[in-house]
Structure formats: structure tokens, C-alpha cells
>>> print(open('data22.csv').read())   # CSV, C-alpha atoms
chain,number,residue,atom,x,y,z
A,1,MET,CA,8.2,-6.4,18.2
A,2,VAL,CA,6.1,-3.2,18.1
A,3,ARG,CA,7.8,-1.6,21.1
A,4,ALA,CA,11.2,-2.5,19.7
A,5,HIS,CA,10.6,-1.0,16.3
A,6,ALA,CA,7.8,1.6,16.6
A,7,ALA,CA,10.2,4.5,17.0
A,8,ALA,CA,12.2,3.6,13.9
A,9,ILE,CA,9.1,3.1,11.7
A,10,VAL,CA,7.5,6.3,12.9
A,11,ASN,CA,10.8,8.1,12.2
A,12,LEU,CA,11.1,6.6,8.7
A,13,ALA,CA,7.5,7.6,7.9
A,14,ARG,CA,8.1,11.1,9.2
A,15,ALA,CA,11.3,11.5,7.1
A,16,MET,CA,9.5,10.2,4.0
A,17,THR,CA,6.3,12.3,4.4
A,18,GLY,CA,7.3,15.3,6.5
A,19,SER,CA,4.1,15.0,8.5
A,20,ASP,CA,3.7,13.8,12.1
A,21,THR,CA,0.1,12.8,11.5
A,22,ASP,CA,0.9,10.8,8.4
A,23,ALA,CA,3.8,9.2,10.2
A,24,ASP,CA,1.5,8.0,13.0
A,25,ASP,CA,-1.1,6.6,10.6
A,26,LEU,CA,1.4,5.0,8.3
A,27,ALA,CA,3.4,3.4,11.2
A,28,GLN,CA,0.1,2.0,12.5
A,29,GLU,CA,-0.8,0.6,9.1
A,30,THR,CA,2.7,-0.9,8.8
A,31,PHE,CA,2.3,-2.9,12.0
A,32,LEU,CA,-1.2,-4.0,11.0
A,33,ARG,CA,0.2,-5.3,7.7
A,34,ALA,CA,3.1,-6.9,9.5
A,35,TRP,CA,0.6,-8.7,11.9
A,36,ARG,CA,-1.5,-9.9,9.0
A,37,GLY,CA,1.5,-11.1,7.1
A,38,PHE,CA,3.6,-12.4,9.9
A,39,ALA,CA,3.0,-16.0,8.7
A,40,LYS,CA,4.9,-15.1,5.5
A,41,PHE,CA,8.0,-13.9,7.4
A,42,ARG,CA,10.5,-16.6,6.7
A,43,GLY,CA,13.4,-15.2,8.7
A,44,GLU,CA,15.5,-14.7,5.6
A,45,SER,CA,16.0,-11.1,6.7
A,46,THR,CA,15.9,-9.4,10.1
A,47,ILE,CA,12.7,-8.2,11.5
A,48,ARG,CA,14.0,-4.6,11.1
A,49,THR,CA,14.7,-5.1,7.4
A,50,TRP,CA,11.3,-6.8,6.9
A,51,LEU,CA,9.4,-4.0,8.7
A,52,HIS,CA,11.2,-1.3,6.7
A,53,GLY,CA,10.2,-3.0,3.5
A,54,ILE,CA,6.5,-3.1,4.6
A,55,ALA,CA,6.7,0.5,5.8
A,56,LEU,CA,8.1,1.7,2.4
A,57,ASN,CA,5.3,-0.1,0.6
A,58,VAL,CA,2.7,1.6,2.9
A,59,ILE,CA,4.4,4.9,2.3
A,60,ARG,CA,4.5,4.5,-1.4
A,61,THR,CA,0.8,3.7,-1.5
A,62,HIS,CA,0.0,6.7,0.6
A,63,ARG,CA,2.1,9.0,-1.6
A,64,ALA,CA,0.5,7.6,-4.8
A,65,LYS,CA,-2.9,8.4,-3.4
A,66,ARG,CA,-1.8,11.8,-2.2
A,67,SER,CA,-0.2,12.7,-5.5
A,68,ARG,CA,-3.4,11.8,-7.4
A,69,ALA,CA,-5.4,14.1,-5.0
A,70,GLY,CA,-2.6,16.6,-5.2
A,71,ARG,CA,-2.9,17.0,-9.0
A,72,LEU,CA,-6.5,18.0,-8.4
A,73,PHE,CA,-5.6,20.8,-6.0
A,74,SER,CA,-2.1,21.7,-7.4
A,75,GLY,CA,-3.1,25.2,-8.5
A,76,LEU,CA,-4.5,26.0,-5.1
A,77,ALA,CA,-1.4,24.6,-3.3
A,78,ARG,CA,0.9,26.8,-5.5
A,79,ARG,CA,-1.0,29.9,-4.6
A,80,GLU,CA,-0.8,29.1,-0.9
A,81,ALA,CA,2.8,28.0,-0.8
A,82,GLY,CA,4.3,30.3,-3.4
A,83,ASP,CA,7.6,29.3,-4.9
A,84,GLU,CA,9.6,29.3,-1.7
A,85,ASP,CA,12.8,27.4,-1.3
A,86,PRO,CA,12.0,24.6,1.2
A,87,LEU,CA,14.9,25.7,3.3
A,88,GLU,CA,14.5,29.4,3.0
A,89,GLU,CA,13.2,29.7,6.5
A,90,MET,CA,15.6,27.2,7.9
A,91,PRO,CA,15.6,27.6,11.7
A,92,SER,CA,18.6,26.8,13.9
A,93,GLY,CA,19.7,26.3,17.5
A,94,GLU,CA,20.3,23.5,19.9
A,95,ASP,CA,17.0,24.0,21.8
A,96,LEU,CA,14.2,21.6,21.3
A,97,GLU,CA,12.2,24.0,19.2
A,98,GLY,CA,15.2,24.7,17.0
A,99,ARG,CA,16.0,21.0,16.5
A,100,LEU,CA,12.4,20.2,15.6
A,101,ALA,CA,12.3,23.1,13.2
A,102,ALA,CA,15.6,21.9,11.7
A,103,ARG,CA,14.1,18.5,11.3
A,104,ASP,CA,11.2,20.0,9.4
A,105,ALA,CA,13.6,21.8,7.1
A,106,ILE,CA,15.6,18.6,6.4
A,107,ASP,CA,12.4,16.7,5.7
A,108,ARG,CA,11.3,19.4,3.3
A,109,ALA,CA,14.6,19.2,1.5
A,110,LEU,CA,14.3,15.4,1.3
A,111,ALA,CA,10.9,15.8,-0.3
A,112,ALA,CA,12.6,17.6,-3.2
A,113,LEU,CA,14.5,14.4,-4.1
A,114,PRO,CA,13.2,11.8,-6.5
A,115,GLU,CA,11.5,9.0,-4.6
A,116,ASP,CA,14.1,6.3,-5.3
A,117,LEU,CA,17.0,8.5,-4.1
A,118,ARG,CA,15.0,9.7,-1.1
A,119,GLU,CA,14.2,6.2,0.0
A,120,THR,CA,17.7,5.0,-0.3
A,121,LEU,CA,19.2,8.0,1.5
A,122,VAL,CA,16.7,7.9,4.3
A,123,LEU,CA,17.3,4.2,4.9
A,124,ARG,CA,21.1,4.9,5.1
A,125,ASP,CA,21.7,8.3,6.7
A,126,ILE,CA,18.6,8.6,8.9
A,127,GLN,CA,17.6,5.0,9.6
A,128,GLY,CA,21.1,3.8,9.8
A,129,LEU,CA,20.6,0.6,7.8
A,130,GLU,CA,23.6,-1.2,6.5
A,131,TYR,CA,24.2,-1.2,2.7
A,132,ARG,CA,23.3,-4.9,2.4
A,133,GLU,CA,20.1,-4.3,4.4
A,134,ILE,CA,19.1,-1.5,2.1
A,135,SER,CA,19.8,-3.8,-0.8
A,136,ALA,CA,17.5,-6.4,0.7
A,137,VAL,CA,14.7,-3.9,1.5
A,138,LEU,CA,14.7,-2.3,-1.9
A,139,GLY,CA,15.5,-5.4,-3.9
A,140,ILE,CA,18.4,-3.8,-5.8
A,141,PRO,CA,22.1,-4.6,-6.0
A,142,ILE,CA,24.5,-3.0,-3.5
A,143,GLY,CA,26.2,-1.1,-6.3
A,144,THR,CA,22.9,0.6,-7.1
A,145,VAL,CA,22.4,1.4,-3.5
A,146,GLU,CA,25.8,3.1,-3.4
A,147,SER,CA,25.3,5.0,-6.5
A,148,ARG,CA,21.9,6.2,-5.4
A,149,ILE,CA,23.3,7.4,-2.1
A,150,PHE,CA,26.0,9.3,-3.9
A,151,ARG,CA,23.6,11.1,-6.2
A,152,ALA,CA,21.1,11.8,-3.4
A,153,ARG,CA,23.7,13.4,-1.2
A,154,GLN,CA,25.1,15.5,-4.1
A,155,ARG,CA,21.6,16.8,-4.9
A,156,LEU,CA,20.7,17.4,-1.2
A,157,LYS,CA,23.9,19.2,-0.3
A,158,PRO,CA,23.0,22.6,-1.6
A,159,LEU,CA,19.7,22.4,0.2
A,160,LEU,CA,21.3,21.5,3.4
A,161,GLU,CA,24.0,24.1,3.3
A,162,GLU,CA,22.1,26.3,5.8
A,163,VAL,CA,21.8,23.4,8.3
A,164,ARG,CA,25.6,22.8,8.1
A,165,LYS,CA,26.4,26.4,8.8
A,166,ARG,CA,24.2,26.5,11.9
B,167,MET,CA,42.9,3.6,-13.1
B,168,LEU,CA,39.4,4.6,-12.2
B,169,ASN,CA,37.6,7.5,-13.8
B,170,CYS,CA,35.2,9.9,-11.9
B,171,PRO,CA,31.9,8.1,-12.6
B,172,ASP,CA,33.5,4.8,-11.5
B,173,CYS,CA,34.5,6.4,-8.2
B,174,GLU,CA,31.0,7.6,-7.3
B,175,ARG,CA,29.7,4.5,-5.5
B,176,LEU,CA,33.1,4.1,-3.7
B,177,ILE,CA,33.1,7.7,-2.6
B,178,ALA,CA,29.6,7.2,-1.1
B,179,ARG,CA,31.0,4.3,0.9
B,180,LEU,CA,34.2,6.1,1.9
B,181,ALA,CA,32.1,8.9,3.4
B,182,ASP,CA,30.2,6.7,5.9
B,183,ASP,CA,31.5,3.1,5.7
B,184,PRO,CA,35.1,3.0,4.6
B,185,GLY,CA,35.5,-0.5,6.0
B,186,GLY,CA,32.9,-1.7,3.4
B,187,ILE,CA,35.4,-1.1,0.5
B,188,ASP,CA,37.7,-4.0,-0.3
B,189,GLN,CA,41.5,-3.5,-0.4
B,190,GLU,CA,41.9,-3.5,-4.1
B,191,ASP,CA,39.1,-0.9,-4.7
B,192,ARG,CA,40.4,1.2,-1.8
B,193,GLY,CA,43.9,1.4,-3.4
B,194,ARG,CA,42.5,2.4,-6.8
B,195,LEU,CA,40.2,5.0,-5.2
B,196,ASP,CA,43.0,6.5,-3.2
B,197,ALA,CA,45.1,6.7,-6.4
B,198,HIS,CA,42.3,8.5,-8.2
B,199,LEU,CA,41.6,10.9,-5.3
B,200,VAL,CA,45.3,12.0,-5.2
B,201,ALA,CA,44.9,13.2,-8.8
B,202,CYS,CA,41.3,14.5,-8.8
B,203,ALA,CA,40.3,17.5,-6.8
B,204,ALA,CA,36.7,17.3,-7.8
B,205,CYS,CA,36.3,13.8,-6.3
B,206,ARG,CA,38.1,14.9,-3.2
B,207,ALA,CA,35.5,17.7,-2.9
B,208,ALA,CA,32.8,15.1,-3.5
B,209,VAL,CA,34.0,13.1,-0.6
B,210,ASP,CA,33.7,16.2,1.6
B,211,ASP,CA,30.2,16.9,0.3
B,212,GLN,CA,29.1,13.3,1.0
B,213,ARG,CA,30.4,13.4,4.5
B,214,THR,CA,28.8,16.8,5.1
B,215,VAL,CA,25.3,15.5,4.1
B,216,ALA,CA,25.7,12.2,6.0
B,217,ARG,CA,26.6,14.1,9.2
B,218,ALA,CA,23.7,16.6,8.8
B,219,LEU,CA,21.2,13.8,8.3
B,220,ALA,CA,22.7,11.8,11.2
B,221,ARG,CA,22.1,14.9,13.5
B,222,ARG,CA,18.4,15.2,12.4
B,223,ALA,CA,16.2,14.8,15.5
B,224,SER,CA,14.3,11.5,15.4
B,225,ALA,CA,10.6,11.6,15.4
B,226,GLU,CA,9.1,10.3,18.6
B,227,THR,CA,6.5,7.7,18.8
B,228,PRO,CA,3.2,9.6,19.2
B,229,ALA,CA,1.4,9.5,22.6
B,230,GLY,CA,-1.1,6.6,22.7
B,231,PHE,CA,0.5,4.9,19.6
B,232,HIS,CA,0.7,1.5,21.3
B,233,ALA,CA,-2.8,1.7,22.8
B,234,ARG,CA,-4.4,2.7,19.4
B,235,LEU,CA,-2.5,0.0,17.6
B,236,SER,CA,-3.5,-2.6,20.2
B,237,LYS,CA,-7.1,-1.7,19.8
B,238,ARG,CA,-6.9,-1.9,16.0
B,239,LEU,CA,-5.3,-5.4,16.4
B,240,ASP,CA,-8.0,-6.4,18.7
B,241,ASP,CA,-10.7,-5.2,16.3
B,242,GLU,CA,-8.9,-7.1,13.5
B,243,GLN,CA,-8.8,-10.3,15.5
B,244,SER,CA,-12.5,-10.1,16.3
B,245,TRP,CA,-13.3,-10.0,12.6
B,246,LEU,CA,-10.9,-12.8,11.8
B,247,PRO,CA,-13.5,-15.7,12.3
B,248,VAL,CA,-15.9,-13.9,9.8
B,249,ALA,CA,-13.2,-14.0,7.1
B,250,ASN,CA,-12.2,-17.6,7.8
B,251,TRP,CA,-14.3,-19.9,5.6
B,252,ARG,CA,-13.2,-23.0,7.5
B,253,ALA,CA,-14.6,-21.6,10.7
B,254,TRP,CA,-17.8,-20.8,8.9
B,255,THR,CA,-18.1,-24.3,7.5
B,256,VAL,CA,-17.5,-26.0,10.8
B,257,GLY,CA,-19.9,-23.6,12.5
B,258,LEU,CA,-22.7,-24.5,10.0
B,259,VAL,CA,-22.5,-28.3,10.5
B,260,PRO,CA,-25.0,-28.4,13.4
B,261,VAL,CA,-27.4,-26.1,11.5
B,262,ALA,CA,-27.2,-28.4,8.4
B,263,GLY,CA,-27.8,-31.4,10.6
B,264,ALA,CA,-30.9,-29.8,12.2
B,265,LEU,CA,-32.4,-29.0,8.8
B,266,LEU,CA,-31.9,-32.5,7.6
B,267,LEU,CA,-33.6,-33.9,10.7
B,268,VAL,CA,-36.6,-31.6,10.3
B,269,ALA,CA,-36.9,-32.5,6.6
B,270,TRP,CA,-36.8,-36.2,7.5
B,271,LEU,CA,-39.5,-35.8,10.2
B,272,ILE,CA,-42.0,-33.8,8.2
B,273,PRO,CA,-44.3,-36.2,6.2
B,274,THR,CA,-44.4,-35.7,2.4
B,275,PRO,CA,-47.8,-35.2,0.6
B,276,ASP,CA,-49.5,-38.2,-1.1
B,277,SER,CA,-48.2,-38.1,-4.7
B,278,SER,CA,-51.2,-40.0,-6.2
B,279,SER,CA,-53.7,-37.3,-5.3
B,280,ILE,CA,-51.6,-34.8,-7.3
B,281,ALA,CA,-51.4,-37.1,-10.4
B,282,ASP,CA,-55.3,-37.3,-10.5
B,283,THR,CA,-55.8,-33.6,-10.8
B,284,ALA,CA,-52.7,-32.5,-12.6
B,285,THR,CA,-53.3,-33.9,-16.1
B,286,PHE,CA,-53.3,-31.5,-19.0
B,287,GLU,CA,-56.7,-32.5,-20.2
B,288,THR,CA,-58.4,-31.9,-16.9
B,289,TRP,CA,-56.7,-28.5,-16.6
B,290,GLN,CA,-57.6,-27.6,-20.2
B,291,ALA,CA,-61.2,-28.6,-19.7
B,292,SER,CA,-61.6,-26.5,-16.7
B,293,ASN,CA,-59.5,-23.4,-17.6
B,294,VAL,CA,-59.4,-23.0,-21.4
B,295,GLN,CA,-62.6,-21.2,-22.4
B,296,SER,CA,-61.5,-19.5,-25.5
B,297,ALA,CA,-61.7,-21.6,-28.7
B,298,ALA,CA,-58.6,-19.9,-30.1
B,299,ALA,CA,-56.6,-20.7,-26.9
B,300,ALA,CA,-57.8,-24.3,-27.0
B,301,ALA,CA,-56.8,-24.7,-30.6
B,302,PHE,CA,-53.5,-23.1,-29.9
B,303,LEU,CA,-52.9,-25.6,-27.1
B,304,ARG,CA,-53.8,-28.7,-29.2
B,305,PRO,CA,-50.7,-30.2,-30.8
B,306,GLU,CA,-52.5,-31.4,-33.9
B,307,THR,CA,-53.9,-28.0,-34.9
B,308,SER,CA,-52.5,-26.8,-38.2
B,309,GLY,CA,-51.5,-23.2,-38.9
B,310,ASP,CA,-54.4,-22.6,-41.3
B,311,SER,CA,-57.0,-24.0,-38.9
B,312,LEU,CA,-55.5,-22.0,-36.0
B,313,LEU,CA,-55.7,-18.8,-38.1
B,314,GLU,CA,-59.3,-19.5,-39.0
B,315,VAL,CA,-60.3,-20.1,-35.4
B,316,VAL,CA,-58.5,-17.0,-34.3
B,317,LEU,CA,-60.2,-14.9,-37.0
B,318,THR,CA,-63.6,-16.3,-36.1
B,319,ASP,CA,-63.0,-15.6,-32.5
B,320,ALA,CA,-61.7,-12.2,-33.3
B,321,THR,CA,-64.8,-11.4,-35.3
B,322,VAL,CA,-67.0,-12.3,-32.4
B,323,SER,CA,-64.8,-10.2,-30.1
B,324,ALA,CA,-64.9,-7.3,-32.5
B,325,GLY,CA,-68.6,-7.5,-32.6
B,326,THR,CA,-68.8,-7.5,-28.8
B,327,GLY,CA,-66.4,-4.5,-28.8
B,328,SER,CA,-68.6,-2.5,-31.2
B,329,ASP,CA,-71.6,-3.3,-29.0
B,330,VAL,CA,-69.8,-1.8,-26.1
B,331,ARG,CA,-68.9,1.3,-28.1
>>> encode(input="data22.csv", output="C-alpha cells")
Amino acid sequence: MVRAHAAAIVNLARAMTGSDTDADDLAQETFLRAWRGFAKFRGESTIRTWLHGIALNVIRTHRAKRSRAGRLFSGLARREAGDEDPLEEMPSGEDLEGRLAARDAIDRALAALPEDLRETLVLRDIQGLEYREISAVLGIPIGTVESRIFRARQRLKPLLEEVRKR
Amino acid sequence: MLNCPDCERLIARLADDPGGIDQEDRGRLDAHLVACAACRAAVDDQRTVARALARRASAETPAGFHARLSKRLDDEQSWLPVANWRAWTVGLVPVAGALLLVAWLIPTPDSSSIADTATFETWQASNVQSAAAAAFLRPETSGDSLLEVVLTDATVSAGTGSDVR
């Protein structure tokens, strides 16, 4: 199970956090929780859907902890980062370095979305889950999934304009 | 006829999963798109973003990921018996049995010897030297007589204290 789904869960965590280190830790935690709770898995969803649900819970917990800590250091962070547009330095190119840099830029753009929109869009456009699977993972109606995806793409589009041009 | 907000969720589908729209909705959406340039532009925007995200390079599984996870799972399994109260209970059965056997084999002290020495009167006679304490311990002592005894005893003590000074 781990070998079949590790890459997808790491990718999900990377897209949601924008950090390779966090993605590693969160994916590990996801599989630990899956192992502990495997007895509760009733087969009503696919393993992929079930793991994505666990991963999102792990990521939300991580983000909540980080945002609490972030409030303490928010002044320092602003001074270090300035008020840069997350895509201002968007790199390009088909080489590996350019693709990785473009991924960083996309993930920074995703970070600008509200969490509910980001989760839904990442599950659809990056993880490739079906609409009904997203509905099951997030526990929301399919109509809500569709409308969240519409709004997320509309808000992300200006930020991704540079990526599209290159 | 659909209005623009009604079309949003259908436009999201049209951009990446047109087969997921049923025939009736598709007909109404197409009719709206013919008449609405803004929604046609929205379809293009939705497709643009979906393609850009689909081209995003996937994050690779970090080196050593499986080995580290395997170790953490092993560690977790080694702690599992500690957290399992049933395993604890079963494991303690021989210990409890041994304790019961030891308790049964050790002879108990003769209870009659304790009764001879443990009466209140014998303890009082050997330990209570102060008249006030003895009066305090006697159940028939009244409050006035106890006060008198205490004052008398206190007077003696005070005298002893002044001698010391």
C-alpha cells in the first residue's frame, strides 16, 4: 500500500505546504495513522480516497500548529519576505531546474488561496481525483466541489499567468 | 435558461470533465455560452488553469522514505503490547498466582497475643502520664472537670517554667 501511494501522498503534501521537508514528514505521519486506523477502513471508499482523507487531516493539523506559531513571528516574516508577489520571480524552462522552480511558484500561488478552495483544487487538478472521490474525501456534495473548483481556478488564474506564457 | 452563477459549476466540469455533465445540463449550458461572452472566457480560464496545474512537476518520494517509515512502524509495533491492557492483564496472571501462593504459605501471627496487650486501659496506664491527657481520654470526664484539670496541670507547668527561667 505504501509503495503504491507514497508518491501521491508526498505530492499532495508538497502542493499543500510548499515544503519538501514538511511533505516528507506529513506523508510519513499519514501512513502511520493509516496503519493505526486500518482496522476502521471498511472498504466503502478506495484506499486512495481513504489515504487522501487522512493526509488532508494531517496537513490541516500541521497548518493549524504552524499558523499559531506564525502569528508569533509574523512581524519578522514580513520583514524577511517583504511584500513580494509569490510569482514575481517565476522561473521557466523545460529543464529540471526550471520545472522544479515552476513547481515552487505554483505551490506559492496555491498558498494564496483559502484552504477549502486550495484543498479542492489540488485534489482535482494536481492529484487527479474524480469529482465523486473529492466529494467523499471532503464530505461535501459534488455541486459544492464543482463550485469550489470554479472559484479556485478563477482566483488562481492571474497568479498563474506567467506560467502559462512560458 | 441558466444565468451566469448557475453556470459556474458546469463550466468547471466542462473544462476538465465534459462527460460528467448530463445531457439536459449540457444543452442548457451550451445555449447560455452562445449568448454569454463572459462565460465563454471563463471556460477558457478554467481550462488554462487546469492545464497549468496538470503540467506541474510531481514531488518525488524522498530518498529513504520507505526505510524511515518502516522503522517507525517497527517502533510502533514494539510499543503496541505496552498499550494493550489485555496483554498486560494476561501477563500479570502468573505474578498474581505467585503472590497468592506466598501469602498462603507464610504463617500468620497468633491473634490472641495481640488482644492481651492491645486494650485501651493497658495502653493508657503505661503511656498517659499527664493528668490532663488522662482526663481528656476518659469518656466520662465533663467539660468543667476537664478545664479544672487542665488549669491545675498548667499551673504546675507554669511554675516549672518560671523555675527554668
>>> atom_distance(input="data22.csv", atom1="CA of Arg222 (chain B)", atom2="CA of Leu100 (chain A)")
8.4 Å
>>> interface_residues(input="data22.csv", of="chain A", to="chain B", cutoff="6 Å", atoms="all atoms listed in the file", output="ChimeraX atom specification")
/A:7,11,103,125-126,146-147,150,153,157
>>> atom_distance(input="data22.csv", atom1="CA of Ala4 (chain A)", atom2="CA of Met16 (chain A)")
20.3 Å
>>> atom_distance(input="data22.csv", atom1="CA of Val256 (chain B)", atom2="CA of Ala269 (chain B)")
20.9 Å
>>> residues_around(input="data22.csv", residues="Thr61 (chain A)", least_positions_apart="5", cutoff="12 Å", atoms="all atoms listed in the file", output="number ranges by chain")
A: 17, 26, 29-30, 54-56, 66-68
>>> closest_residue(input="data22.csv", among="A:His62, A:Arg42, A:Arg151, A:Arg48", to="Leu123 (chain A)", atoms="only C-alpha atoms")
A:Arg48
>>> closest_residue(input="data22.csv", among="A:Ala8, A:Thr49, A:Asn57, A:Asp116", to="Arg132 (chain A)", atoms="only C-alpha atoms")
A:Thr49
>>> residues_near_point(input="data22.csv", point="(14.8, 11.2, 1.9)", cutoff="7 Å", atoms="all atoms listed in the file", output="list in words")
Ala15, Met16, Leu110, Ala111, Leu113, Leu117, Arg118, Glu119, Leu121 and Val122 of chain A
>>> residues_around(input="data22.csv", residues="Ala136 (chain A)", least_positions_apart="4", cutoff="12 Å", atoms="all atoms listed in the file", output="list in words")
Glu44, Ser45, Thr46, Ile47, Arg48, Thr49, Trp50, Leu51, His52, Gly53, Thr120, Leu123, Leu129, Glu130, Tyr131, Arg132, Ile140, Pro141, Ile142, Thr144 and Val145 of chain A
>>> write_last_selection(input="data22.csv", atoms="C-alpha atoms", output="compact mmCIF listing (two decimals), keeping the file's coordinate frame")
# COMPACT_ATOMS: atom_id res chain seq x y z
CA GLU A 44 15.50 -14.70 5.60
CA SER A 45 16.00 -11.10 6.70
CA THR A 46 15.90 -9.40 10.10
CA ILE A 47 12.70 -8.20 11.50
CA ARG A 48 14.00 -4.60 11.10
CA THR A 49 14.70 -5.10 7.40
CA TRP A 50 11.30 -6.80 6.90
CA LEU A 51 9.40 -4.00 8.70
CA HIS A 52 11.20 -1.30 6.70
CA GLY A 53 10.20 -3.00 3.50
CA THR A 120 17.70 5.00 -0.30
CA LEU A 123 17.30 4.20 4.90
CA LEU A 129 20.60 0.60 7.80
CA GLU A 130 23.60 -1.20 6.50
CA TYR A 131 24.20 -1.20 2.70
CA ARG A 132 23.30 -4.90 2.40
CA ILE A 140 18.40 -3.80 -5.80
CA PRO A 141 22.10 -4.60 -6.00
CA ILE A 142 24.50 -3.00 -3.50
CA THR A 144 22.90 0.60 -7.10
CA VAL A 145 22.40 1.40 -3.50
>>> closest_residue(input="data22.csv", among="B:Thr255, B:Lys237, B:Leu266, B:Thr274", to="Gln28 (chain A)", atoms="all atoms listed in the file")
B:Lys237
>>> closest_residue(input="data22.csv", among="A:Ala112, A:Ile9, A:Ala105, A:Ala64", to="Ala152 (chain A)", atoms="all atoms listed in the file")
A:Ala112
